[in-house]
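**Student:** Got a structure here, written out as structure tokens. Questions coming.
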Amino acid sequence: MPWNLSSDTPIYLQAADRIKLRILTGQYPPGSYIPSVRELAQEAAVNPNTMQKALALLESQGLLITHRTTGRRVTESAELIRCLRLDMAHSHIETCKQNLKALGFSEEEIQTMMSASEKE
């Protein structure tokens with residue numbers, strides 16, 4: 001099934017984010033090989049060059065390691081993956097806070113809500 005990609009962000013960035021999420025959630029565990037460019041491009045219904053660009057971005061971030069003869073595998077750095085998971089979590093929290101502020105909630109009310117949701 002093709003990925004749900006929007007037109008407001010470059011496709012390669014969306015593809016990179018989708019693969020990054022798979023890595024951070026363990027769908028592609030540390031040290032495992034990921035599907036080929038062609039397989040991922042077919043799954044996402046995008047051009048292989050677009051997928052190649054997405055994978056190159058993840059490689060530049062240290063999440064993927066390329067082996068010329070055997071393909072790409074996920075980094076074995078648990079620390080890198082942990083840091084990126086935390087960064088993503090903080091980003092989601094910030095987005096949530098901004099959305100709540102847009103609804104008219106004060107910083108104090110937001111903190112109270114977040115504390116209450118932690119206890120549930």
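Lettering and numbering for the structure tokens are positional, with chains as A, B, ... in the shown order, residues counted from 1 in each chain, and ligands counted from 1 in the shown order.
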Report as a PyMOL selection string all protein, DNA and RNA residues lying within 10 Å of A:Ala78, evaluated on only C-alpha atoms, omitting residues in the same chain fewer than 2 positions from it.
**Tutor:** chain A and resi 24+29-31+75-76+80-84
**Student:** How far is it from atom CA of A:Ile65 to atom CA of A:Ser32, in Å with one decimal?
**Tutor:**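 Answer for the atom CA of A:Ile65 to atom CA of A:Ser32 separation: 10.2 Å.
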**Student:** Using atom CA of A:Cys96 and atom CA of A:Gly26 as the two end points, give the distance in Å to one decimal.
**Tutor:**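 Computing the Euclidean distance for atom CA of A:Cys96 and atom CA of A:Gly26 yields 24.1 Å.
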**Student:** List every residue of chain A that DSSP, applied to the backbone, labels as strand (DSSP E), and write the result as a list of chain:residue names.
**Tutor:**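 After running DSSP on the backbone, chain A has strand (DSSP E) at A:Leu64, A:Ile65, A:Thr66, A:His67, A:Gly71, A:Arg72, A:Arg73, A:Val74.
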**Student:** Write the residues you've just listed into a file as a PDB file, in the first residue's frame, and include C-alpha atoms for each of them.
**Tutor:**
ATOM      1  CA  LEU A  64      22.135   4.047   8.161  1.00  0.00           C
ATOM      2  CA  ILE A  65      25.419   2.491   7.106  1.00  0.00           C
ATOM      3  CA  THR A  66      25.957   1.482   3.479  1.00  0.00           C
ATOM      4  CA  HIS A  67      27.780  -1.680   2.510  1.00  0.00           C
ATOM      5  CA  GLY A  71      23.035  -3.027   1.113  1.00  0.00           C
ATOM      6  CA  ARG A  72      22.222  -0.699   3.972  1.00  0.00           C
ATOM      7  CA  ARG A  73      21.864  -1.540   7.598  1.00  0.00           C
ATOM      8  CA  VAL A  74      20.719   0.378  10.647  1.00  0.00           C
TER       9      VAL A  74
END
